[in-house]
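Quick look at work_7.txt (compact mmCIF, C-alpha atoms):
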```txt
# COMPACT_ATOMS: atom_id res chain seq x y z
CA MET A 1 -56.16 -5.65 28.68
CA ASN A 2 -55.96 -5.58 32.43
CA ARG A 3 -53.34 -3.04 33.60
CA PRO A 4 -53.55 -2.98 37.39
CA LEU A 5 -50.41 -0.88 37.95
CA ALA A 6 -51.69 1.93 35.77
CA CYS A 7 -55.09 1.80 37.47
CA GLU A 8 -53.81 1.71 41.03
CA ASP A 9 -51.11 4.39 40.83
CA GLY A 10 -51.14 6.67 37.79
CA HIS A 11 -48.35 8.84 39.19
CA LEU A 12 -46.00 5.85 39.52
CA THR A 13 -46.79 4.74 35.98
CA THR A 14 -45.98 8.17 34.58
CA THR A 15 -42.70 8.31 36.49
CA VAL A 16 -41.59 4.88 35.26
CA ARG A 17 -42.57 5.76 31.70
CA LYS A 18 -40.56 9.00 31.77
CA ALA A 19 -37.52 7.26 33.21
CA ALA A 20 -37.68 4.56 30.54
CA GLY A 21 -38.03 7.20 27.81
CA ARG A 22 -35.00 9.08 29.13
CA ARG A 23 -32.88 5.92 29.17
CA ARG A 24 -33.96 5.01 25.63
CA ARG A 25 -33.22 8.49 24.30
CA ALA A 26 -29.82 8.46 25.99
CA ARG A 27 -28.92 5.14 24.35
CA PHE A 28 -30.10 6.37 20.95
CA LYS A 29 -28.03 9.54 21.31
CA ALA A 30 -24.94 7.47 22.16
CA VAL A 31 -25.44 5.26 19.09
CA LYS A 32 -26.01 8.30 16.85
CA ALA A 33 -22.89 9.94 18.22
CA THR A 34 -20.86 6.82 17.41
CA ILE A 35 -22.12 6.73 13.83
CA LEU A 36 -21.53 10.48 13.39
CA PHE A 37 -17.96 10.11 14.67
CA LEU A 38 -17.21 7.33 12.19
CA ALA A 39 -18.74 9.35 9.37
CA CYS A 40 -16.56 12.34 10.22
CA THR A 41 -13.51 10.09 10.32
CA SER A 42 -13.83 9.47 6.58
CA LEU A 43 -13.44 13.23 6.00
CA ALA A 44 -10.25 13.50 8.04
CA PRO A 45 -6.86 14.00 6.29
CA VAL A 46 -5.53 10.81 4.81
CA PRO A 47 -2.08 9.77 6.07
CA SER A 48 0.52 9.86 3.33
CA VAL A 49 3.13 7.35 2.27
CA GLY A 50 6.53 8.89 1.61
CA ARG A 51 8.33 11.90 3.04
CA THR A 52 5.47 13.32 5.16
CA GLN A 53 6.35 13.15 8.84
CA THR A 54 3.55 11.99 11.12
CA THR A 55 3.22 11.24 14.79
CA GLU A 56 1.11 8.16 15.43
CA ARG A 57 -0.11 6.93 18.77
CA GLN A 58 0.10 3.14 18.66
CA PRO A 59 -1.73 0.81 21.02
CA ALA A 60 0.26 -1.06 23.63
CA THR A 61 -0.26 -4.41 21.92
CA HIS A 62 -1.13 -4.86 18.27
CA ALA A 63 -1.31 -8.30 16.68
CA VAL A 64 -1.38 -8.17 12.88
CA PRO A 65 -2.96 -11.22 11.22
CA THR A 66 -0.57 -12.93 8.86
CA ASP A 67 -3.19 -13.15 6.12
CA ALA A 68 -4.30 -9.52 6.44
CA LEU A 69 -3.26 -6.84 3.95
CA THR A 70 -1.16 -3.99 5.33
CA LEU A 71 -0.81 -0.60 3.70
CA PRO A 72 2.84 -1.13 2.57
CA GLU A 73 1.83 -4.46 1.04
CA ALA A 74 -1.06 -2.79 -0.76
CA VAL A 75 1.27 -0.12 -2.14
CA ASP A 76 3.75 -2.78 -3.31
CA ILE A 77 1.01 -4.75 -5.07
CA ALA A 78 -0.35 -1.64 -6.78
CA LEU A 79 3.09 -0.57 -8.04
CA ARG A 80 3.57 -4.04 -9.55
CA THR A 81 0.14 -4.80 -10.99
CA ASN A 82 -1.61 -1.51 -11.73
CA PRO A 83 -2.10 -1.14 -15.51
CA MET A 84 -1.03 2.51 -15.45
CA ILE A 85 2.39 1.53 -14.10
CA ARG A 86 2.83 -1.07 -16.82
CA ALA A 87 1.90 1.51 -19.44
CA THR A 88 4.48 4.01 -18.18
CA MET A 89 7.17 1.30 -18.08
CA SER A 90 6.46 0.58 -21.74
CA GLY A 91 6.87 4.29 -22.41
CA GLN A 92 10.28 4.24 -20.73
CA GLU A 93 11.41 1.32 -22.89
CA LEU A 94 10.23 3.17 -25.99
CA ALA A 95 12.13 6.30 -24.96
CA ARG A 96 15.37 4.33 -24.47
CA ALA A 97 14.93 2.69 -27.87
CA GLN A 98 14.45 6.11 -29.47
CA ILE A 99 17.79 7.25 -28.02
CA GLY A 100 19.55 4.35 -29.74
CA GLU A 101 17.73 5.11 -32.97
CA ALA A 102 18.79 8.76 -32.84
CA ARG A 103 22.44 7.85 -32.18
CA ALA A 104 22.43 5.54 -35.19
CA GLY A 105 22.24 8.63 -37.41
CA ARG A 106 25.97 9.21 -36.83
CA TYR A 107 27.02 5.72 -37.85
CA PRO A 108 28.32 4.95 -41.37
CA ILE A 109 25.89 3.39 -43.82
CA VAL A 110 27.00 0.38 -45.90
CA GLN A 111 24.63 -0.97 -48.54
CA PHE A 112 25.05 -4.15 -50.55
CA GLY A 113 23.00 -4.79 -53.65
CA GLU A 114 22.50 -7.45 -56.31
CA ALA A 115 20.60 -6.65 -59.52
CA PHE A 116 19.70 -8.66 -62.63
CA ALA A 117 18.53 -7.36 -65.99
CA ARG A 118 18.02 -8.93 -69.42
CA SER A 119 17.24 -6.91 -72.55
CA ASN A 120 18.09 -6.46 -76.24
CA ASN A 121 18.03 -2.69 -76.04
CA PRO A 122 21.07 -1.49 -78.01
CA VAL A 123 22.14 1.04 -75.41
CA PHE A 124 21.71 -1.53 -72.61
CA VAL A 125 23.64 -4.21 -74.48
CA PHE A 126 26.45 -1.82 -75.45
CA GLY A 127 26.84 -0.48 -71.92
CA SER A 128 26.57 -3.90 -70.27
CA LEU A 129 29.27 -5.36 -72.52
CA LEU A 130 31.56 -2.48 -71.66
CA GLU A 131 30.78 -2.85 -67.98
CA GLN A 132 31.47 -6.56 -68.06
CA GLY A 133 34.70 -6.08 -70.04
CA ARG A 134 33.45 -8.27 -72.87
CA PHE A 135 33.26 -5.68 -75.62
CA GLY A 136 35.24 -6.83 -78.69
CA LEU A 137 35.83 -5.97 -82.30
CA GLU A 138 32.86 -8.04 -83.43
CA ASN A 139 30.60 -5.76 -81.45
CA PHE A 140 31.47 -2.83 -83.75
CA ASP A 141 29.42 -4.44 -86.47
CA VAL A 142 26.62 -2.03 -87.43
CA ASN A 143 24.01 -4.79 -87.49
CA ALA A 144 25.15 -5.99 -84.03
CA LEU A 145 25.02 -2.46 -82.70
CA ASN A 146 21.53 -1.75 -84.01
CA ASN A 147 19.97 -5.19 -83.49
CA PRO A 148 21.90 -6.95 -80.75
CA ASP A 149 20.87 -10.22 -79.18
CA SER A 150 19.36 -10.21 -75.69
CA LEU A 151 21.95 -9.92 -72.97
CA SER A 152 21.75 -10.86 -69.27
CA ASN A 153 23.55 -8.62 -66.82
CA PHE A 154 24.17 -9.43 -63.14
CA ARG A 155 25.34 -6.40 -61.16
CA THR A 156 26.79 -6.58 -57.63
CA SER A 157 27.33 -3.27 -55.86
CA MET A 158 28.41 -1.97 -52.47
CA THR A 159 28.12 1.65 -51.35
CA PHE A 160 29.54 3.38 -48.29
CA ARG A 161 28.36 6.66 -46.77
CA LEU A 162 29.58 8.49 -43.68
CA PRO A 163 28.00 11.76 -42.49
CA ILE A 164 30.57 14.39 -41.53
CA PHE A 165 28.21 17.28 -40.87
CA ASP A 166 24.48 16.54 -41.14
CA GLN A 167 23.18 20.06 -40.39
CA ARG A 168 23.01 19.27 -36.65
CA GLN A 169 20.12 16.88 -37.26
CA SER A 170 21.63 13.88 -35.45
CA GLY A 171 22.58 15.96 -32.41
CA THR A 172 19.08 17.45 -32.29
CA ARG A 173 17.42 14.04 -32.46
CA ILE A 174 19.73 12.64 -29.78
CA ASN A 175 19.01 15.55 -27.43
CA GLN A 176 15.28 15.30 -28.03
CA ALA A 177 15.35 11.56 -27.42
CA GLU A 178 17.25 12.05 -24.14
CA LEU A 179 14.75 14.71 -23.07
CA GLY A 180 11.97 12.30 -24.02
CA ARG A 181 13.47 9.67 -21.74
CA GLN A 182 13.55 12.17 -18.88
CA GLN A 183 9.95 13.11 -19.63
CA SER A 184 9.02 9.45 -19.49
CA ASP A 185 10.70 9.16 -16.09
CA ALA A 186 8.79 12.22 -14.87
CA GLN A 187 5.54 10.76 -16.19
CA THR A 188 6.27 7.52 -14.36
CA GLU A 189 6.75 9.45 -11.14
CA ILE A 190 3.47 11.29 -11.73
CA VAL A 191 1.61 8.01 -12.16
CA ARG A 192 3.41 6.52 -9.16
CA GLN A 193 2.30 9.37 -6.89
CA GLN A 194 -1.25 9.15 -8.20
CA ILE A 195 -1.35 5.43 -7.48
CA LEU A 196 0.07 5.96 -3.97
CA LEU A 197 -2.65 8.50 -3.26
CA GLU A 198 -5.38 6.24 -4.65
CA VAL A 199 -4.11 3.26 -2.64
CA VAL A 200 -4.07 5.22 0.61
CA LYS A 201 -7.54 6.65 -0.03
CA ALA A 202 -8.98 3.28 -1.01
CA TYR A 203 -7.27 1.45 1.88
CA TYR A 204 -8.49 3.80 4.59
CA GLY A 205 -11.80 4.18 2.80
CA MET A 206 -12.37 0.48 3.24
CA LEU A 207 -11.33 0.70 6.90
CA VAL A 208 -13.85 3.51 7.45
CA ALA A 209 -16.54 1.55 5.60
CA ALA A 210 -15.86 -1.51 7.76
CA ALA A 211 -16.03 0.60 10.93
CA LYS A 212 -19.34 2.10 9.78
CA LYS A 213 -20.67 -1.37 9.08
CA GLU A 214 -19.64 -2.54 12.55
CA ALA A 215 -21.22 0.51 14.18
CA ALA A 216 -24.42 0.02 12.16
CA ASP A 217 -24.59 -3.64 13.18
CA GLU A 218 -24.14 -2.70 16.84
CA ALA A 219 -26.74 0.05 16.61
CA THR A 220 -29.21 -2.35 15.00
CA THR A 221 -28.61 -4.91 17.73
CA LEU A 222 -29.21 -2.30 20.45
CA ALA A 223 -32.31 -1.06 18.67
CA GLU A 224 -33.69 -4.58 18.43
CA ALA A 225 -33.11 -5.08 22.15
CA GLU A 226 -34.79 -1.74 22.83
CA VAL A 227 -37.83 -2.73 20.76
CA LYS A 228 -38.10 -6.01 22.66
CA ARG A 229 -37.83 -4.22 26.00
CA SER A 230 -40.37 -1.58 24.97
CA ARG A 231 -42.80 -4.28 23.84
CA ASP A 232 -42.44 -6.07 27.17
CA MET A 233 -43.01 -2.81 29.07
CA PHE A 234 -46.00 -2.01 26.86
CA ASP A 235 -47.48 -5.42 27.57
CA THR A 236 -47.13 -4.76 31.32
CA GLY A 237 -48.55 -1.25 31.02
CA LEU A 238 -45.36 0.66 31.86
CA VAL A 239 -45.22 2.56 28.50
CA VAL A 240 -47.78 3.71 26.00
CA HIS A 241 -48.12 2.47 22.42
CA SER A 242 -46.41 5.57 20.99
CA ASP A 243 -43.18 4.70 22.83
CA LEU A 244 -43.20 1.24 21.26
CA LEU A 245 -43.83 2.73 17.81
CA ALA A 246 -40.96 5.20 18.29
CA ALA A 247 -38.58 2.34 19.12
CA GLU A 248 -39.72 0.39 16.06
CA VAL A 249 -39.22 3.44 13.82
CA GLN A 250 -35.75 3.88 15.24
CA LEU A 251 -35.00 0.22 14.54
CA ALA A 252 -36.16 0.61 10.94
CA GLU A 253 -33.82 3.59 10.48
CA PHE A 254 -30.87 1.67 11.91
CA ARG A 255 -31.59 -1.30 9.64
CA GLN A 256 -31.62 1.02 6.64
CA GLN A 257 -28.28 2.45 7.74
CA GLN A 258 -27.00 -1.11 8.17
CA ILE A 259 -27.94 -1.98 4.58
CA GLN A 260 -26.33 1.21 3.30
CA ALA A 261 -23.16 0.56 5.32
CA GLU A 262 -22.93 -2.96 3.89
CA GLY A 263 -23.22 -1.58 0.35
CA ASP A 264 -20.58 1.09 1.08
CA LEU A 265 -18.21 -1.63 2.31
CA ILE A 266 -18.65 -3.62 -0.91
CA ILE A 267 -18.01 -0.50 -2.99
CA ALA A 268 -14.93 0.39 -0.94
CA GLN A 269 -13.53 -3.13 -1.39
CA ALA A 270 -14.11 -2.94 -5.16
CA ALA A 271 -12.35 0.46 -5.27
CA LEU A 272 -9.34 -0.95 -3.42
CA ASN A 273 -9.12 -3.99 -5.69
CA THR A 274 -9.34 -1.78 -8.78
CA THR A 275 -6.51 0.39 -7.51
CA LEU A 276 -4.43 -2.72 -6.78
CA GLY A 277 -5.07 -4.08 -10.26
CA LEU A 278 -6.92 -7.13 -8.89
CA ALA A 279 -10.33 -8.62 -9.59
CA VAL A 280 -13.14 -6.38 -8.35
CA ASP A 281 -14.71 -9.12 -6.22
CA ALA A 282 -11.43 -10.35 -4.71
CA PRO A 283 -11.88 -10.74 -0.90
CA GLN A 284 -9.77 -8.42 1.20
CA LYS A 285 -8.90 -8.47 4.89
CA LEU A 286 -7.09 -5.38 6.10
CA ALA A 287 -4.65 -5.19 8.99
CA GLY A 288 -4.81 -1.42 9.45
CA GLU A 289 -6.61 0.49 12.18
CA LEU A 290 -8.22 3.92 12.40
CA LEU A 291 -5.87 5.71 14.78
CA GLU A 292 -5.50 9.31 15.85
CA LYS A 293 -2.74 11.01 13.87
CA GLY A 294 -1.03 14.37 13.98
CA PHE A 295 0.63 16.19 11.07
CA ASN A 296 3.37 18.81 11.05
CA THR A 297 1.95 21.72 9.07
CA VAL A 298 3.95 24.33 7.13
CA SER A 299 3.02 27.74 5.81
CA LYS A 300 1.33 28.21 2.45
CA GLU A 301 4.42 29.86 0.99
CA GLU A 302 6.64 26.97 2.09
CA SER A 303 4.19 24.45 0.67
CA VAL A 304 4.20 26.25 -2.70
CA ARG A 305 8.01 26.38 -2.71
CA ILE A 306 8.33 22.65 -1.98
CA ALA A 307 5.76 21.83 -4.67
CA MET A 308 7.60 23.97 -7.24
CA GLU A 309 10.81 22.08 -6.48
CA ARG A 310 9.48 18.52 -6.28
CA ARG A 311 6.31 18.17 -8.34
CA PRO A 312 7.04 15.91 -11.35
CA GLU A 313 4.39 17.70 -13.43
CA LEU A 314 6.49 20.88 -13.43
CA ALA A 315 9.63 18.91 -14.32
CA HIS A 316 7.73 17.27 -17.19
CA ALA A 317 6.65 20.68 -18.50
CA ARG A 318 10.19 22.06 -18.32
CA LEU A 319 11.55 19.08 -20.26
CA ALA A 320 8.86 19.59 -22.91
CA GLU A 321 10.00 23.21 -23.24
CA GLN A 322 13.62 22.14 -23.69
CA SER A 323 12.59 19.60 -26.33
CA ALA A 324 10.76 22.32 -28.25
CA ARG A 325 13.88 24.49 -28.16
CA GLU A 326 15.92 21.61 -29.55
CA GLY A 327 13.39 21.32 -32.36
CA ILE A 328 13.90 24.99 -33.20
CA ARG A 329 17.67 24.48 -33.20
CA GLY A 330 17.32 21.52 -35.56
CA ALA A 331 15.06 23.49 -37.92
CA ARG A 332 17.62 26.28 -38.13
CA GLY A 333 20.36 23.75 -38.80
CA GLU A 334 18.66 22.75 -42.06
CA LEU A 335 19.83 26.06 -43.51
CA LEU A 336 23.46 24.94 -43.12
CA PRO A 337 25.37 22.87 -45.72
CA ARG A 338 25.61 19.09 -45.41
CA VAL A 339 28.94 17.22 -45.72
CA ASP A 340 29.10 13.46 -46.37
CA VAL A 341 31.81 11.04 -47.41
CA PHE A 342 30.65 8.28 -49.75
CA GLY A 343 31.99 5.71 -52.12
CA GLY A 344 30.88 2.76 -54.21
CA TYR A 345 32.19 -0.43 -55.78
```
Please re-express this file's structure in structure tokens.
Amino acid sequence: MNRPLACEDGHLTTTVRKAAGRRRRARFKAVKATILFLACTSLAPVPSVGRTQTTERQPATHAVPTDALTLPEAVDIALRTNPMIRATMSGQELARAQIGEARAGRYPIVQFGEAFARSNNPVFVFGSLLEQGRFGLENFDVNALNNPDSLSNFRTSMTFRLPIFDQRQSGTRINQAELGRQQSDAQTEIVRQQILLEVVKAYYGMLVAAAKKEAADEATTLAEAEVKRSRDMFDTGLVVHSDLLAAEVQLAEFRQQQIQAEGDLIIAQAALNTTLGLAVDAPQKLAGELLEKGFNTVSKEESVRIAMERRPELAHARLAEQSAREGIRGARGELLPRVDVFGGY
């Protein structure tokens, strides 16, 4: 290949090559810094939904697409459709039904019965005739007493029973059922907080994945332009072959990162849909943005104190302890006498 510039002035060629290499390395460093910043963003604290106070710097103008999913909307969908929420709601209904069942132990019991029997057993016939008020002088016959004819007996009965003191069993069951309802409420709050955390993580995880994908696409585009420019400079003799190979290697790395970023975005979208209780491949368009946020921090002792007061797991454990104590009280009550009022007709 004829390279007149390199032959006429080697010093000029070297200077141009060095300047081009410095510009290329500077662009690559800027792209790498952008990707590293977005990667570190995914490790930053996740903003919370609830009582945590945050200071957020909003842009001057922010147009939210009407068809895009916001974080409050995502939380609302998850709290309505997540299977874990539906399971805890069923547990609450069961706990309320158990309270009604326990209270029924104090209600009176009325039983109505209808029985039919037919036999020629002497004792049965003798007793049934007396019970029916049909016993007469003819029934004193010895042969009739020993070998009676078969007799049909219809018996209608009604019994009534009212517990006066049932060894504290009804009170124990009612208290345990009420504590079970409170435990169910605490369990629902535990699941609710877990879902809120998962929604926030998945929501911002998808935003980070989308930002990484955008940065990878931009880096690949710049690298492709750099390869084209390096090839043109190599053809004109301004750079050596090694510079062109370095640009092509850099382009291959950026394309690999682009493929990985695209896969991470698909995984993040599937994680968000799973948390929302939707189909894994449901398309999602988010309205959120990755903004700088500040958090008001408290001391470790204050954090522990707040957690001990508000964490539903601790409340659930305390209710379980109270329920166990009620069980001990009920077991001791079985040593006491039982008083019932009953009657029959």
Using only C-alpha atoms, tabulate the residues of segment 220-339 of chain A lying at most 7 Å from any atom of segment 165-176 of chain A, each with its closest atom pair and that distance in Å to one decimal, by chain and increasing residue number, as a Markdown table.
```
| residue | atom | partner | partner_atom | distance |
| --- | --- | --- | --- | --- |
| A:Ser323 | CA | A:Gln176 | CA | 5.3 |
| A:Glu326 | CA | A:Thr172 | CA | 5.9 |
| A:Gly327 | CA | A:Thr172 | CA | 6.9 |
| A:Gly330 | CA | A:Thr172 | CA | 5.5 |
| A:Gly333 | CA | A:Gln167 | CA | 4.9 |
| A:Glu334 | CA | A:Gln167 | CA | 5.5 |
| A:Leu336 | CA | A:Gln167 | CA | 5.6 |
| A:Pro337 | CA | A:Gln167 | CA | 6.4 |
| A:Arg338 | CA | A:Asp166 | CA | 5.1 |
| A:Val339 | CA | A:Phe165 | CA | 4.9 |
```
**Prompt:** When you draw a straight line from atom CA of Leu207 of chain A to atom CA of Ala279 of chain A, how long is it in Å?
**Reply:**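 If I compute the distance from atom CA of Leu207 of chain A to atom CA of Ala279 of chain A, I get 19.0 Å.
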**Prompt:** For Glu218 of chain A, which residue among A:Leu251, A:Ala74, A:Leu278, A:Ala271 is the nearest when counting all atoms listed in the file?
**Reply:** A:Leu251
**Message:** Would you pick out the contacts of Leu319 of chain A at 12 Å or less, using only C-alpha atoms, so that residues sharing its chain but fewer than 4 positions from it are not included, and give the list as a PyMOL selection string?
**Reply:** chain A and resi 175-187+312-315+323-326
Output C-alpha atoms of each residue in that selection to a file, as a PDB file, in the frame of the given file.
```pdb
ATOM      1  CA  ASN A 175      19.010  15.550 -27.430  1.00  0.00           C
ATOM      2  CA  GLN A 176      15.280  15.300 -28.030  1.00  0.00           C
ATOM      3  CA  ALA A 177      15.350  11.560 -27.420  1.00  0.00           C
ATOM      4  CA  GLU A 178      17.250  12.050 -24.140  1.00  0.00           C
ATOM      5  CA  LEU A 179      14.750  14.710 -23.070  1.00  0.00           C
ATOM      6  CA  GLY A 180      11.970  12.300 -24.020  1.00  0.00           C
ATOM      7  CA  ARG A 181      13.470   9.670 -21.740  1.00  0.00           C
ATOM      8  CA  GLN A 182      13.550  12.170 -18.880  1.00  0.00           C
ATOM      9  CA  GLN A 183       9.950  13.110 -19.630  1.00  0.00           C
ATOM     10  CA  SER A 184       9.020   9.450 -19.490  1.00  0.00           C
ATOM     11  CA  ASP A 185      10.700   9.160 -16.090  1.00  0.00           C
ATOM     12  CA  ALA A 186       8.790  12.220 -14.870  1.00  0.00           C
ATOM     13  CA  GLN A 187       5.540  10.760 -16.190  1.00  0.00           C
ATOM     14  CA  PRO A 312       7.040  15.910 -11.350  1.00  0.00           C
ATOM     15  CA  GLU A 313       4.390  17.700 -13.430  1.00  0.00           C
ATOM     16  CA  LEU A 314       6.490  20.880 -13.430  1.00  0.00           C
ATOM     17  CA  ALA A 315       9.630  18.910 -14.320  1.00  0.00           C
ATOM     18  CA  SER A 323      12.590  19.600 -26.330  1.00  0.00           C
ATOM     19  CA  ALA A 324      10.760  22.320 -28.250  1.00  0.00           C
ATOM     20  CA  ARG A 325      13.880  24.490 -28.160  1.00  0.00           C
ATOM     21  CA  GLU A 326      15.920  21.610 -29.550  1.00  0.00           C
TER      22      GLU A 326
END
```
**Complete:** Here atom CA of Asn82 of chain A and atom CA of Ile195 of chain A stand apart by 8.1 Å
**Fill in**
Taken to one decimal, the atom CA of Asn143 of chain A-atom CA of Ala117 of chain A distance is 22.3 Å
**Asked** Counting only C-alpha atoms, which of A:Asp243, A:Lys213, A:Thr297, A:Val280 gets nearest to Gly263 of chain A?
**Response**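 Nearest candidate to Gly263 of chain A out of A:Asp243, A:Lys213, A:Thr297, A:Val280: A:Lys213.
All residues of protein, DNA or RNA that reach within 12 Å of Pro283 of chain A, judged by all atoms listed in the file and not counting those fewer than 6 positions away in the chain, are Asp67, Ala68, Leu69, Met206, Leu265, Ile266, Ala268, Gln269, Ala270, Leu272 and Asn273 of chain A.
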Could the residues in this selection be saved with C-alpha atoms as a compact mmCIF listing (two decimals), in the frame of the given file?
```
# COMPACT_ATOMS: atom_id res chain seq x y z
CA ASP A 67 -3.19 -13.15 6.12
CA ALA A 68 -4.30 -9.52 6.44
CA LEU A 69 -3.26 -6.84 3.95
CA MET A 206 -12.37 0.48 3.24
CA LEU A 265 -18.21 -1.63 2.31
CA ILE A 266 -18.65 -3.62 -0.91
CA ALA A 268 -14.93 0.39 -0.94
CA GLN A 269 -13.53 -3.13 -1.39
CA ALA A 270 -14.11 -2.94 -5.16
CA LEU A 272 -9.34 -0.95 -3.42
CA ASN A 273 -9.12 -3.99 -5.69
```
**Request:** Neighbourhood query: residues within 7 Å of (31.5, -3.3, -61.7), file coordinates, counting only C-alpha atoms; return as a ChimeraX atom specification.
**Result:** /A:131,155,345
**Asked** A:Ala246, A:Val142, A:Leu162, A:Met84: which is nearest Ile109 of chain A, counting all atoms listed in the file?
**Response** A:Leu162
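When all atoms listed in the file are used to compute distances to Phe160 of chain A, the closest of the residues A:Phe135, A:Ala261, A:Gln111, A:Asn146 turns out to be A:Gln111.
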